[in-house]
>>> print(open('target31.txt').read())   # compact mmCIF, C-alpha atoms
# COMPACT_ATOMS: atom_id res chain seq x y z
CA MET A 1195 136.80 69.16 133.44
CA SER A 1196 139.54 69.07 136.06
CA ASP A 1197 141.65 65.95 136.65
CA LYS A 1198 140.61 65.32 140.24
CA ALA A 1199 137.00 64.67 141.17
CA PHE A 1200 135.33 66.43 144.09
CA GLN A 1201 135.32 63.11 145.95
CA ASP A 1202 139.08 62.72 145.51
CA TYR A 1203 139.55 65.70 147.84
CA TYR A 1204 137.48 64.22 150.69
CA PRO A 1205 139.63 63.42 153.73
CA GLU A 1206 140.33 59.72 154.21
CA GLU A 1207 137.81 59.21 157.04
CA LEU A 1208 135.08 60.65 154.80
CA SER A 1209 135.96 58.53 151.77
CA HIS A 1210 134.13 55.30 152.60
CA CYS A 1211 130.67 56.16 151.25
CA TYR A 1212 129.07 53.33 149.28
CA GLY A 1213 127.96 55.80 146.65
CA CYS A 1214 131.09 57.88 146.17
CA GLY A 1215 133.90 56.89 148.52
CA ARG A 1216 137.17 56.25 146.74
CA LEU A 1217 138.11 53.83 149.55
CA ASN A 1218 134.92 51.73 149.31
CA ASP A 1219 135.99 49.07 146.83
CA GLN A 1220 132.52 47.47 146.86
CA GLY A 1221 130.76 50.79 146.23
CA LEU A 1222 129.77 52.82 143.20
CA GLN A 1223 132.75 55.23 143.38
CA LEU A 1224 130.92 58.08 141.70
CA LYS A 1225 133.19 60.91 140.52
CA SER A 1226 131.90 64.46 140.08
CA TYR A 1227 133.55 67.39 138.33
CA TRP A 1228 132.88 70.99 137.45
CA ASP A 1229 131.86 71.60 133.87
CA GLY A 1230 131.58 75.36 133.84
CA GLU A 1231 128.76 76.38 136.15
CA GLU A 1232 127.35 72.86 136.22
CA SER A 1233 128.75 69.75 137.82
CA VAL A 1234 128.78 66.46 135.99
CA ALA A 1235 129.33 62.79 136.79
CA LEU A 1236 129.21 59.80 134.49
CA PHE A 1237 128.13 56.35 135.61
CA GLN A 1238 127.73 53.05 133.84
CA PRO A 1239 125.07 50.90 135.56
CA GLU A 1240 125.89 47.23 136.01
CA ALA A 1241 123.61 44.38 134.92
CA LYS A 1242 122.57 43.78 138.54
CA HIS A 1243 121.20 47.34 138.90
CA LEU A 1244 117.96 46.62 137.11
CA ALA A 1245 114.38 47.36 138.11
CA VAL A 1246 112.67 45.32 135.42
CA PRO A 1247 114.65 43.81 132.52
CA GLY A 1248 116.17 46.61 130.45
CA PHE A 1249 115.83 49.43 132.96
CA VAL A 1250 117.70 50.86 135.94
CA TYR A 1251 116.10 50.60 139.40
CA GLY A 1252 115.09 53.86 141.00
CA GLY A 1253 117.23 53.41 144.09
CA LEU A 1254 120.40 53.62 142.01
CA ILE A 1255 119.25 56.85 140.39
CA ALA A 1256 118.45 58.32 143.81
CA SER A 1257 121.86 57.20 145.10
CA LEU A 1258 123.70 58.81 142.18
CA ILE A 1259 121.77 62.06 142.58
CA ASP A 1260 122.41 62.01 146.33
CA CYS A 1261 126.17 61.61 146.13
CA HIS A 1262 126.57 63.88 143.12
CA CYS A 1263 124.64 66.64 144.86
CA THR A 1264 126.40 66.43 148.24
CA GLY A 1265 129.70 66.49 146.36
CA THR A 1266 128.57 69.47 144.31
CA ALA A 1267 127.39 71.18 147.51
CA ALA A 1268 130.88 70.83 148.99
CA ALA A 1269 132.53 72.05 145.80
CA ALA A 1270 130.15 75.02 145.64
CA ALA A 1271 130.87 75.91 149.27
CA TYR A 1272 134.63 75.93 148.64
CA ARG A 1273 134.06 78.02 145.54
CA ALA A 1274 131.86 80.48 147.47
CA GLN A 1275 134.68 80.88 150.01
CA GLY A 1276 137.21 81.42 147.25
CA ARG A 1277 139.06 78.28 148.32
CA THR A 1278 140.28 75.28 146.39
CA MET A 1279 139.18 71.85 147.59
CA ASP A 1280 142.64 70.91 148.84
CA THR A 1281 142.61 73.63 151.52
CA MET A 1282 141.75 73.16 155.19
CA PRO A 1283 139.42 72.83 157.01
CA PRO A 1284 137.54 70.25 154.93
CA ILE A 1285 133.92 70.98 154.04
CA ARG A 1286 131.65 67.95 153.88
CA PHE A 1287 127.91 67.82 153.46
CA VAL A 1288 125.28 65.21 154.20
CA THR A 1289 121.77 64.97 152.81
CA ALA A 1290 118.93 66.55 154.75
CA SER A 1291 116.39 65.70 152.07
CA ILE A 1292 116.19 64.36 148.57
CA HIS A 1293 113.42 64.49 146.01
CA VAL A 1294 113.49 62.61 142.71
CA ASP A 1295 110.97 62.72 139.87
CA TYR A 1296 111.29 59.74 137.53
CA LEU A 1297 110.33 61.10 134.13
CA ALA A 1298 111.10 58.21 131.82
CA PRO A 1299 112.33 54.62 132.10
CA THR A 1300 116.15 54.69 132.30
CA PRO A 1301 117.85 52.16 130.01
CA ILE A 1302 120.42 50.03 131.83
CA THR A 1303 122.83 49.80 128.91
CA ALA A 1304 123.38 53.56 128.59
CA GLN A 1305 126.09 55.49 130.39
CA LEU A 1306 124.26 57.85 132.72
CA GLU A 1307 125.17 61.52 132.92
CA ILE A 1308 124.28 63.24 136.18
CA ARG A 1309 124.34 67.03 136.02
CA GLY A 1310 124.00 69.38 138.97
CA THR A 1311 123.31 73.08 139.32
CA LEU A 1312 123.53 75.27 142.40
CA ALA A 1313 120.05 76.50 143.36
CA GLU A 1314 120.79 78.08 146.75
CA ILE A 1315 123.72 78.50 149.12
CA THR A 1316 123.65 79.81 152.68
CA PRO A 1317 126.08 79.25 155.58
CA LYS A 1318 123.82 76.43 156.81
CA LYS A 1319 122.71 74.64 153.68
CA VAL A 1320 123.23 74.20 149.97
CA ILE A 1321 120.49 73.19 147.56
CA ILE A 1322 121.52 71.42 144.37
CA GLU A 1323 119.22 70.51 141.51
CA ALA A 1324 120.13 67.55 139.35
CA ARG A 1325 119.07 65.78 136.23
CA VAL A 1326 120.00 62.33 135.00
CA LEU A 1327 120.38 61.79 131.28
CA ALA A 1328 120.65 58.61 129.24
CA ASP A 1329 121.48 58.87 125.54
CA GLY A 1330 120.98 62.63 125.89
CA LYS A 1331 117.42 62.31 127.24
CA VAL A 1332 116.49 63.47 130.73
CA CYS A 1333 115.15 60.42 132.60
CA ALA A 1334 115.01 61.87 136.12
CA LYS A 1335 115.21 65.17 137.92
CA GLY A 1336 116.20 65.61 141.53
CA LYS A 1337 116.76 68.11 144.29
CA VAL A 1338 118.98 67.68 147.33
CA VAL A 1339 119.11 69.86 150.42
CA ALA A 1340 122.62 69.38 151.80
CA VAL A 1341 123.75 70.41 155.28
CA HIS A 1342 127.11 70.30 157.00
CA LEU A 1343 128.11 66.95 158.49
CA PRO A 1344 126.75 67.11 162.06
CA GLU A 1345 129.19 67.34 164.97
CA SER A 1346 127.48 64.31 166.52
CA MET A 1347 128.51 62.13 163.58
CA LEU A 1348 132.06 63.46 163.65
CA LYS A 1349 132.35 62.64 167.36
CA ILE A 1350 131.13 59.07 166.94
CA MET A 1351 133.49 58.64 163.98
CA LYS A 1352 136.35 59.75 166.21
CA GLY A 1353 135.26 57.32 168.95
CA GLU A 1354 134.08 60.10 171.27
CA LYS A 1355 130.66 60.00 172.94
CA MET B 135 102.51 39.00 159.39
CA SER B 136 101.73 36.61 156.56
CA ASP B 137 104.25 33.98 155.42
CA LYS B 138 104.74 35.29 151.90
CA ALA B 139 106.08 38.78 151.23
CA PHE B 140 104.46 41.12 148.71
CA GLN B 141 107.48 40.65 146.48
CA ASP B 142 107.09 36.86 146.51
CA TYR B 143 103.87 37.30 144.52
CA TYR B 144 105.47 39.34 141.73
CA PRO B 145 105.50 37.46 138.41
CA GLU B 146 108.89 36.08 137.43
CA GLU B 147 109.68 38.75 134.82
CA LEU B 148 109.08 41.43 137.47
CA SER B 149 111.25 39.79 140.13
CA HIS B 150 114.70 40.98 139.10
CA CYS B 151 114.76 44.36 140.86
CA TYR B 152 118.03 45.10 142.63
CA GLY B 153 116.13 46.36 145.64
CA CYS B 154 113.48 43.71 146.06
CA GLY B 155 113.58 41.04 143.34
CA ARG B 156 113.68 37.51 144.72
CA LEU B 157 115.55 36.44 141.56
CA ASN B 158 118.31 39.09 141.85
CA ASP B 159 120.89 37.22 143.88
CA GLN B 160 123.20 40.25 144.00
CA GLY B 161 120.42 42.57 145.19
CA LEU B 162 118.95 43.59 148.53
CA GLN B 163 115.95 41.21 148.34
CA LEU B 164 113.74 43.38 150.50
CA LYS B 165 110.62 41.62 151.80
CA SER B 166 107.50 43.56 152.76
CA TYR B 167 104.46 42.35 154.69
CA TRP B 168 101.20 43.65 156.06
CA ASP B 169 101.17 44.34 159.76
CA GLY B 170 97.56 45.36 160.27
CA GLU B 171 96.97 48.61 158.40
CA GLU B 172 100.69 49.26 158.02
CA SER B 173 103.25 47.44 155.94
CA VAL B 174 106.62 46.52 157.35
CA ALA B 175 110.00 45.32 156.07
CA LEU B 176 113.14 44.55 158.00
CA PHE B 177 116.62 45.02 156.58
CA GLN B 178 120.09 44.52 157.99
CA PRO B 179 122.59 46.86 156.29
CA GLU B 180 125.94 45.36 155.34
CA ALA B 181 129.31 46.85 156.28
CA LYS B 182 129.75 48.19 152.73
CA HIS B 183 126.57 50.28 152.94
CA LEU B 184 128.14 53.08 154.93
CA ALA B 185 128.10 56.83 154.36
CA VAL B 186 130.72 57.74 156.95
CA PRO B 187 132.03 55.16 159.44
CA GLY B 188 129.17 54.01 161.67
CA PHE B 189 126.29 55.23 159.57
CA VAL B 190 124.20 54.08 156.61
CA TYR B 191 124.45 55.97 153.32
CA GLY B 192 121.35 57.81 152.22
CA GLY B 193 121.03 56.00 148.89
CA LEU B 194 120.34 52.73 150.67
CA ILE B 195 117.61 54.32 152.76
CA ALA B 196 116.03 55.81 149.64
CA SER B 197 116.24 52.41 147.91
CA LEU B 198 114.57 50.61 150.81
CA ILE B 199 111.79 53.20 150.98
CA ASP B 200 111.34 53.02 147.21
CA CYS B 201 110.93 49.25 147.00
CA HIS B 202 108.92 48.97 150.21
CA CYS B 203 106.50 51.63 149.00
CA THR B 204 105.99 50.30 145.47
CA GLY B 205 105.41 46.87 147.03
CA THR B 206 102.95 48.34 149.51
CA ALA B 207 101.24 50.22 146.65
CA ALA B 208 100.67 46.93 144.82
CA ALA B 209 99.43 45.20 147.96
CA ALA B 210 97.09 48.11 148.70
CA ALA B 211 95.72 48.02 145.15
CA TYR B 212 94.94 44.29 145.42
CA ARG B 213 93.33 44.91 148.78
CA ALA B 214 91.24 47.79 147.38
CA GLN B 215 89.98 45.44 144.66
CA GLY B 216 89.17 42.76 147.20
CA ARG B 217 91.74 40.45 145.59
CA THR B 218 94.55 38.39 147.03
CA MET B 219 98.01 38.90 145.52
CA ASP B 220 98.04 35.49 143.83
CA THR B 221 95.15 36.39 141.53
CA MET B 222 95.41 37.59 137.93
CA PRO B 223 96.06 39.99 136.32
CA PRO B 224 99.18 41.03 138.25
CA ILE B 225 99.37 44.60 139.56
CA ARG B 226 102.83 46.16 139.55
CA PHE B 227 103.84 49.72 140.33
CA VAL B 228 106.86 51.83 139.55
CA THR B 229 107.99 55.02 141.22
CA ALA B 230 106.88 58.34 139.76
CA SER B 231 108.53 60.31 142.54
CA ILE B 232 110.22 59.81 145.88
CA HIS B 233 110.93 62.22 148.68
CA VAL B 234 113.06 61.38 151.71
CA ASP B 235 113.79 63.51 154.78
CA TYR B 236 116.82 62.31 156.69
CA LEU B 237 116.02 63.13 160.31
CA ALA B 238 118.89 61.51 162.18
CA PRO B 239 122.07 59.60 161.36
CA THR B 240 121.15 55.93 160.82
CA PRO B 241 123.45 53.48 162.63
CA ILE B 242 124.79 50.77 160.34
CA THR B 243 124.77 48.03 162.96
CA ALA B 244 121.04 48.23 163.66
CA GLN B 245 118.41 46.20 161.86
CA LEU B 246 116.28 48.75 160.01
CA GLU B 247 112.50 48.65 160.15
CA ILE B 248 110.72 50.27 157.21
CA ARG B 249 107.03 50.95 157.83
CA GLY B 250 104.54 52.11 155.21
CA THR B 251 101.05 53.59 155.36
CA LEU B 252 98.60 54.20 152.56
CA ALA B 253 98.07 57.94 152.09
CA GLU B 254 96.05 57.97 148.86
CA ILE B 255 94.78 55.50 146.30
CA THR B 256 93.18 56.25 142.95
CA PRO B 257 92.91 54.13 139.77
CA LYS B 258 96.01 55.89 138.43
CA LYS B 259 98.31 56.21 141.42
CA VAL B 260 98.98 55.18 144.98
CA ILE B 261 100.79 57.35 147.51
CA ILE B 262 102.58 55.59 150.35
CA GLU B 263 104.25 57.30 153.30
CA ALA B 264 107.13 55.54 154.99
CA ARG B 265 109.37 55.83 157.96
CA VAL B 266 112.65 54.08 158.67
CA LEU B 267 113.44 53.17 162.26
CA ALA B 268 116.67 52.01 163.86
CA ASP B 269 116.58 50.82 167.48
CA GLY B 270 113.00 52.12 167.64
CA LYS B 271 113.97 55.65 166.59
CA VAL B 272 112.71 57.23 163.37
CA CYS B 273 115.78 58.11 161.29
CA ALA B 274 114.08 58.96 158.00
CA LYS B 275 110.65 59.66 156.59
CA GLY B 276 109.67 59.22 152.98
CA LYS B 277 106.85 59.52 150.50
CA VAL B 278 106.49 57.65 147.23
CA VAL B 279 104.06 58.33 144.42
CA ALA B 280 103.62 55.00 142.66
CA VAL B 281 102.02 54.52 139.23
CA HIS B 282 101.25 51.43 137.20
CA LEU B 283 104.14 49.94 135.23
CA PRO B 284 103.95 51.74 131.85
CA GLU B 285 102.92 49.76 128.77
CA SER B 286 106.09 50.98 127.05
CA MET B 287 108.26 49.16 129.60
CA LEU B 288 106.18 46.01 129.33
CA LYS B 289 106.56 46.02 125.55
CA ILE B 290 110.33 46.39 125.68
CA MET B 291 110.50 43.65 128.32
CA LYS B 292 108.56 41.38 125.97
CA GLY B 293 110.89 42.23 123.08
CA GLU B 294 108.25 44.27 121.23
CA LYS B 295 108.92 47.75 119.89
>>> encode(input="target31.txt", output="C-alpha cells")
Amino acid sequence: MSDKAFQDYYPEELSHCYGCGRLNDQGLQLKSYWDGEESVALFQPEAKHLAVPGFVYGGLIASLIDCHCTGTAAAAAYRAQGRTMDTMPPIRFVTASIHVDYLAPTPITAQLEIRGTLAEITPKKVIIEARVLADGKVCAKGKVVAVHLPESMLKIMKGEK
Amino acid sequence: MSDKAFQDYYPEELSHCYGCGRLNDQGLQLKSYWDGEESVALFQPEAKHLAVPGFVYGGLIASLIDCHCTGTAAAAAYRAQGRTMDTMPPIRFVTASIHVDYLAPTPITAQLEIRGTLAEITPKKVIIEARVLADGKVCAKGKVVAVHLPESMLKIMKGEK
C-alpha cells in the first residue's frame, strides 16, 4: 500500500466530508489505498456506532462503502488517464446511487476491512463494487455508481449562483 | 401524527441504534411517525454532516432512510396484525438491503423530511420505499428490504452462544 491515501490528495475544499474528509475532525476520516487491483480501507467502529448491542448499525456500513467507493472511483479515473493523484485538474466523484446487501451481522469490536474493485469506467461514470469484512468474513456487499462532482455544486461552493 | 414515535416503542435492549435509538445519546435519534398511509420523519443535519461545503454527505441520507424504513417496517407489521406498537411480543426489523438514488445535491441547512410508503409485506419481509425532501424538493429516493431481527443476534445480545 502507498503512504498517502486517496483522500489525502483531495483538494482542500473537497476535504470536509463527514465520511472521509481529512479536515473534518468530527468525521470518520476513512482512508483508502490501492492494494494491487483492489482498493482497501480499514476502519475501527466506535462503541456509539451500534445497531443493537454487539453489532454495527447499517448506516455506518453504507457510509464506509460510499466514501471508499467514491475515493476508489477517483483513483481509478486518474489511473485510467495515466496520471498520479497529485496532478491537475483534480478528479472528484459523488455518489449517484448506492446499493448494500447486509449478509451477516457485523461485530462492533472487529476492525472492518472495506475492499473495492472497479466494475466499469466510462468518461461519465465509474462503478465500484465493495465488500466489508470483519474477522475475515464478508458481512456486507455494496455497489456504488459514482459520477463527476456536478458543476452546480462547484459553483455554490465557490459562492457563485 | 401521533405523540409517540415508532422508535419510542422499541424495547430498551433494541433502543441503542446510532441512527434511531432513544438511548444512544451520541446518535441521530431519528423519530418516525404515521402520517396517514405514509410514514414521516424530520431531521436537521448538523454542520459536521457535510459532503462538500453546503451539502449533506450521502452516508447520512442512507442512514436516515435505513432507520426510517426499518421503523416503518415494524409499524406496518403491527398494523397488519391489527396490533398497537405497545403490545407484546415486540416486532423489530433489520436491514437486508438498501438502495439509494441521489437525485439532487441535498442542502445542509434545510430540515430534511423522510417519507416512507409500504411497498410489500409478507411474513418474512417488508419492503419500504422512501424519499428524502429538502425545501419540498425530492433529493433522494430509497428502498429498504427489512427482515425480522435474526435469532442469532438476539442470542448474542442476551449473552447466549
>>> calpha_fit_and_write(input="target31.txt", fixed="chain B", moving="chain A", output="JSON list (two decimals) with C-alpha atoms, in the frame of the given file")
[["chain", "number", "residue", "atom", "x", "y", "z"],
["A", 1195, "MET", "CA", 102.49, 38.99, 159.43],
["A", 1196, "SER", "CA", 101.73, 36.62, 156.57],
["A", 1197, "ASP", "CA", 104.24, 34.00, 155.41],
["A", 1198, "LYS", "CA", 104.74, 35.30, 151.89],
["A", 1199, "ALA", "CA", 106.07, 38.78, 151.24],
["A", 1200, "PHE", "CA", 104.44, 41.12, 148.72],
["A", 1201, "GLN", "CA", 107.49, 40.66, 146.49],
["A", 1202, "ASP", "CA", 107.09, 36.88, 146.52],
["A", 1203, "TYR", "CA", 103.87, 37.31, 144.52],
["A", 1204, "TYR", "CA", 105.49, 39.36, 141.73],
["A", 1205, "PRO", "CA", 105.51, 37.46, 138.42],
["A", 1206, "GLU", "CA", 108.90, 36.08, 137.44],
["A", 1207, "GLU", "CA", 109.68, 38.75, 134.83],
["A", 1208, "LEU", "CA", 109.09, 41.44, 137.47],
["A", 1209, "SER", "CA", 111.24, 39.78, 140.13],
["A", 1210, "HIS", "CA", 114.70, 40.99, 139.10],
["A", 1211, "CYS", "CA", 114.75, 44.37, 140.87],
["A", 1212, "TYR", "CA", 118.04, 45.11, 142.63],
["A", 1213, "GLY", "CA", 116.13, 46.38, 145.63],
["A", 1214, "CYS", "CA", 113.47, 43.72, 146.05],
["A", 1215, "GLY", "CA", 113.60, 41.06, 143.34],
["A", 1216, "ARG", "CA", 113.68, 37.54, 144.71],
["A", 1217, "LEU", "CA", 115.55, 36.46, 141.56],
["A", 1218, "ASN", "CA", 118.31, 39.10, 141.85],
["A", 1219, "ASP", "CA", 120.90, 37.22, 143.88],
["A", 1220, "GLN", "CA", 123.21, 40.26, 144.00],
["A", 1221, "GLY", "CA", 120.43, 42.58, 145.18],
["A", 1222, "LEU", "CA", 118.96, 43.60, 148.51],
["A", 1223, "GLN", "CA", 115.95, 41.22, 148.34],
["A", 1224, "LEU", "CA", 113.74, 43.39, 150.51],
["A", 1225, "LYS", "CA", 110.61, 41.63, 151.80],
["A", 1226, "SER", "CA", 107.49, 43.56, 152.78],
["A", 1227, "TYR", "CA", 104.45, 42.36, 154.70],
["A", 1228, "TRP", "CA", 101.19, 43.65, 156.06],
["A", 1229, "ASP", "CA", 101.16, 44.34, 159.76],
["A", 1230, "GLY", "CA", 97.57, 45.39, 160.27],
["A", 1231, "GLU", "CA", 96.97, 48.61, 158.38],
["A", 1232, "GLU", "CA", 100.69, 49.26, 158.02],
["A", 1233, "SER", "CA", 103.26, 47.45, 155.94],
["A", 1234, "VAL", "CA", 106.62, 46.52, 157.35],
["A", 1235, "ALA", "CA", 109.99, 45.33, 156.07],
["A", 1236, "LEU", "CA", 113.14, 44.55, 158.00],
["A", 1237, "PHE", "CA", 116.62, 45.02, 156.59],
["A", 1238, "GLN", "CA", 120.08, 44.52, 157.98],
["A", 1239, "PRO", "CA", 122.58, 46.86, 156.28],
["A", 1240, "GLU", "CA", 125.92, 45.36, 155.32],
["A", 1241, "ALA", "CA", 129.29, 46.86, 156.28],
["A", 1242, "LYS", "CA", 129.76, 48.17, 152.73],
["A", 1243, "HIS", "CA", 126.56, 50.28, 152.93],
["A", 1244, "LEU", "CA", 128.14, 53.07, 154.92],
["A", 1245, "ALA", "CA", 128.11, 56.81, 154.36],
["A", 1246, "VAL", "CA", 130.72, 57.73, 156.94],
["A", 1247, "PRO", "CA", 132.03, 55.16, 159.44],
["A", 1248, "GLY", "CA", 129.18, 54.01, 161.67],
["A", 1249, "PHE", "CA", 126.27, 55.22, 159.56],
["A", 1250, "VAL", "CA", 124.19, 54.06, 156.61],
["A", 1251, "TYR", "CA", 124.46, 55.97, 153.31],
["A", 1252, "GLY", "CA", 121.36, 57.81, 152.21],
["A", 1253, "GLY", "CA", 121.04, 56.01, 148.90],
["A", 1254, "LEU", "CA", 120.34, 52.72, 150.68],
["A", 1255, "ILE", "CA", 117.61, 54.32, 152.77],
["A", 1256, "ALA", "CA", 116.03, 55.80, 149.64],
["A", 1257, "SER", "CA", 116.25, 52.41, 147.91],
["A", 1258, "LEU", "CA", 114.57, 50.61, 150.81],
["A", 1259, "ILE", "CA", 111.79, 53.20, 150.99],
["A", 1260, "ASP", "CA", 111.34, 53.02, 147.21],
["A", 1261, "CYS", "CA", 110.93, 49.26, 147.00],
["A", 1262, "HIS", "CA", 108.93, 48.98, 150.21],
["A", 1263, "CYS", "CA", 106.50, 51.63, 149.00],
["A", 1264, "THR", "CA", 106.00, 50.28, 145.47],
["A", 1265, "GLY", "CA", 105.40, 46.87, 147.02],
["A", 1266, "THR", "CA", 102.95, 48.34, 149.51],
["A", 1267, "ALA", "CA", 101.24, 50.21, 146.66],
["A", 1268, "ALA", "CA", 100.67, 46.93, 144.82],
["A", 1269, "ALA", "CA", 99.43, 45.20, 147.96],
["A", 1270, "ALA", "CA", 97.08, 48.11, 148.70],
["A", 1271, "ALA", "CA", 95.71, 48.02, 145.15],
["A", 1272, "TYR", "CA", 94.94, 44.30, 145.42],
["A", 1273, "ARG", "CA", 93.33, 44.92, 148.78],
["A", 1274, "ALA", "CA", 91.23, 47.79, 147.38],
["A", 1275, "GLN", "CA", 89.99, 45.43, 144.65],
["A", 1276, "GLY", "CA", 89.17, 42.76, 147.20],
["A", 1277, "ARG", "CA", 91.72, 40.44, 145.59],
["A", 1278, "THR", "CA", 94.55, 38.41, 147.02],
["A", 1279, "MET", "CA", 98.01, 38.91, 145.54],
["A", 1280, "ASP", "CA", 98.04, 35.51, 143.86],
["A", 1281, "THR", "CA", 95.15, 36.41, 141.54],
["A", 1282, "MET", "CA", 95.44, 37.59, 137.93],
["A", 1283, "PRO", "CA", 96.10, 40.00, 136.32],
["A", 1284, "PRO", "CA", 99.21, 41.05, 138.25],
["A", 1285, "ILE", "CA", 99.38, 44.61, 139.56],
["A", 1286, "ARG", "CA", 102.83, 46.17, 139.58],
["A", 1287, "PHE", "CA", 103.82, 49.72, 140.33],
["A", 1288, "VAL", "CA", 106.85, 51.82, 139.54],
["A", 1289, "THR", "CA", 107.99, 55.02, 141.22],
["A", 1290, "ALA", "CA", 106.89, 58.33, 139.76],
["A", 1291, "SER", "CA", 108.52, 60.31, 142.55],
["A", 1292, "ILE", "CA", 110.20, 59.81, 145.87],
["A", 1293, "HIS", "CA", 110.93, 62.22, 148.68],
["A", 1294, "VAL", "CA", 113.05, 61.37, 151.71],
["A", 1295, "ASP", "CA", 113.77, 63.51, 154.78],
["A", 1296, "TYR", "CA", 116.82, 62.30, 156.70],
["A", 1297, "LEU", "CA", 116.03, 63.11, 160.32],
["A", 1298, "ALA", "CA", 118.89, 61.49, 162.18],
["A", 1299, "PRO", "CA", 122.08, 59.59, 161.36],
["A", 1300, "THR", "CA", 121.16, 55.92, 160.81],
["A", 1301, "PRO", "CA", 123.46, 53.47, 162.61],
["A", 1302, "ILE", "CA", 124.80, 50.75, 160.31],
["A", 1303, "THR", "CA", 124.78, 48.02, 162.94],
["A", 1304, "ALA", "CA", 121.03, 48.22, 163.65],
["A", 1305, "GLN", "CA", 118.40, 46.20, 161.84],
["A", 1306, "LEU", "CA", 116.28, 48.75, 159.99],
["A", 1307, "GLU", "CA", 112.50, 48.64, 160.15],
["A", 1308, "ILE", "CA", 110.71, 50.25, 157.21],
["A", 1309, "ARG", "CA", 107.03, 50.96, 157.82],
["A", 1310, "GLY", "CA", 104.54, 52.12, 155.21],
["A", 1311, "THR", "CA", 101.07, 53.60, 155.37],
["A", 1312, "LEU", "CA", 98.60, 54.20, 152.57],
["A", 1313, "ALA", "CA", 98.07, 57.95, 152.10],
["A", 1314, "GLU", "CA", 96.05, 57.96, 148.86],
["A", 1315, "ILE", "CA", 94.77, 55.48, 146.29],
["A", 1316, "THR", "CA", 93.18, 56.24, 142.93],
["A", 1317, "PRO", "CA", 92.91, 54.11, 139.77],
["A", 1318, "LYS", "CA", 96.03, 55.87, 138.43],
["A", 1319, "LYS", "CA", 98.31, 56.21, 141.42],
["A", 1320, "VAL", "CA", 98.98, 55.17, 144.99],
["A", 1321, "ILE", "CA", 100.79, 57.34, 147.51],
["A", 1322, "ILE", "CA", 102.58, 55.59, 150.35],
["A", 1323, "GLU", "CA", 104.24, 57.30, 153.29],
["A", 1324, "ALA", "CA", 107.13, 55.55, 154.99],
["A", 1325, "ARG", "CA", 109.38, 55.84, 157.96],
["A", 1326, "VAL", "CA", 112.64, 54.08, 158.68],
["A", 1327, "LEU", "CA", 113.44, 53.16, 162.26],
["A", 1328, "ALA", "CA", 116.66, 52.00, 163.87],
["A", 1329, "ASP", "CA", 116.58, 50.80, 167.48],
["A", 1330, "GLY", "CA", 113.01, 52.11, 167.62],
["A", 1331, "LYS", "CA", 113.97, 55.66, 166.59],
["A", 1332, "VAL", "CA", 112.71, 57.22, 163.37],
["A", 1333, "CYS", "CA", 115.78, 58.11, 161.29],
["A", 1334, "ALA", "CA", 114.07, 58.96, 157.99],
["A", 1335, "LYS", "CA", 110.65, 59.66, 156.59],
["A", 1336, "GLY", "CA", 109.66, 59.22, 152.98],
["A", 1337, "LYS", "CA", 106.85, 59.52, 150.49],
["A", 1338, "VAL", "CA", 106.49, 57.64, 147.23],
["A", 1339, "VAL", "CA", 104.05, 58.33, 144.42],
["A", 1340, "ALA", "CA", 103.61, 54.98, 142.66],
["A", 1341, "VAL", "CA", 102.04, 54.51, 139.24],
["A", 1342, "HIS", "CA", 101.24, 51.43, 137.20],
["A", 1343, "LEU", "CA", 104.14, 49.94, 135.24],
["A", 1344, "PRO", "CA", 103.94, 51.72, 131.86],
["A", 1345, "GLU", "CA", 102.90, 49.75, 128.78],
["A", 1346, "SER", "CA", 106.07, 50.96, 127.05],
["A", 1347, "MET", "CA", 108.24, 49.17, 129.60],
["A", 1348, "LEU", "CA", 106.17, 46.00, 129.35],
["A", 1349, "LYS", "CA", 106.55, 45.99, 125.55],
["A", 1350, "ILE", "CA", 110.32, 46.39, 125.66],
["A", 1351, "MET", "CA", 110.51, 43.66, 128.31],
["A", 1352, "LYS", "CA", 108.59, 41.37, 125.97],
["A", 1353, "GLY", "CA", 110.93, 42.25, 123.07],
["A", 1354, "GLU", "CA", 108.26, 44.25, 121.22],
["A", 1355, "LYS", "CA", 108.95, 47.75, 119.89]]
>>> closest_residue(input="target31.txt", among="B:Phe227, B:Tyr152, B:Tyr212, B:Tyr167", to="chain A", atoms="all atoms listed in the file")
B:Tyr152
>>> interface_residues(input="target31.txt", of="chain B", to="chain A", cutoff="7 Å", atoms="all atoms listed in the file", output="JSON, numbers by chain")
{"B": [148, 150, 151, 152, 160, 182, 183, 184, 185, 186, 187, 188, 191, 193, 196, 197, 200, 229, 230, 231, 232, 233, 234, 235, 236, 291]}
>>> residues_around(input="target31.txt", residues="range 241-252 of chain B", least_positions_apart="3", cutoff="8 Å", atoms="all atoms listed in the file", output="ChimeraX atom specification")
/B:171-181,183-184,188-190,198-199,202-203,206-207,210,255,260-269
>>> atom_distance(input="target31.txt", atom1="CA of Lys1225 in chain A", atom2="CA of Tyr1204 in chain A")
11.5 Å
>>> axis_aligned_box(input="target31.txt", around="range 271-275 of chain B", padding_each_side="8 Å", output="AutoDock Vina command-line options")
--center_x 113.2 --center_y 57.7 --center_z 161.6 --size_x 21.1 --size_y 20.0 --size_z 26.0
>>> atom_distance(input="target31.txt", atom1="CA of Gln141 in chain B", atom2="CA of Leu164 in chain B")
7.9 Å
>>> atom_distance(input="target31.txt", atom1="CA of Asp142 in chain B", atom2="CA of Ala211 in chain B")
16.0 Å
>>> closest_residue(input="target31.txt", among="A:Ala1313, A:Met1279, A:Ile1285, A:Ala1340", to="Tyr1203 in chain A", atoms="all atoms listed in the file")
A:Met1279
>>> decode(input="target31.txt", residues="range 1274-1278 of chain A", atoms="N, CA and C atoms", output="tab-separated table (two decimals), in the first residue's frame")
chain	number	residue	atom	x	y	z
A	1274	ALA	N	-6.73	5.48	-15.06
A	1274	ALA	CA	-7.15	5.27	-16.45
A	1274	ALA	C	-6.56	6.34	-17.37
A	1275	GLN	N	-6.32	7.53	-16.80
A	1275	GLN	CA	-5.73	8.62	-17.58
A	1275	GLN	C	-4.21	8.61	-17.52
A	1276	GLY	N	-3.67	7.63	-16.84
A	1276	GLY	CA	-2.22	7.54	-16.71
A	1276	GLY	C	-1.62	8.65	-15.87
A	1277	ARG	N	-2.44	9.18	-14.96
A	1277	ARG	CA	-2.00	10.30	-14.12
A	1277	ARG	C	-1.88	9.87	-12.67
A	1278	THR	N	-1.00	10.50	-11.94
A	1278	THR	CA	-0.96	10.30	-10.50
A	1278	THR	C	-1.94	11.28	-9.85
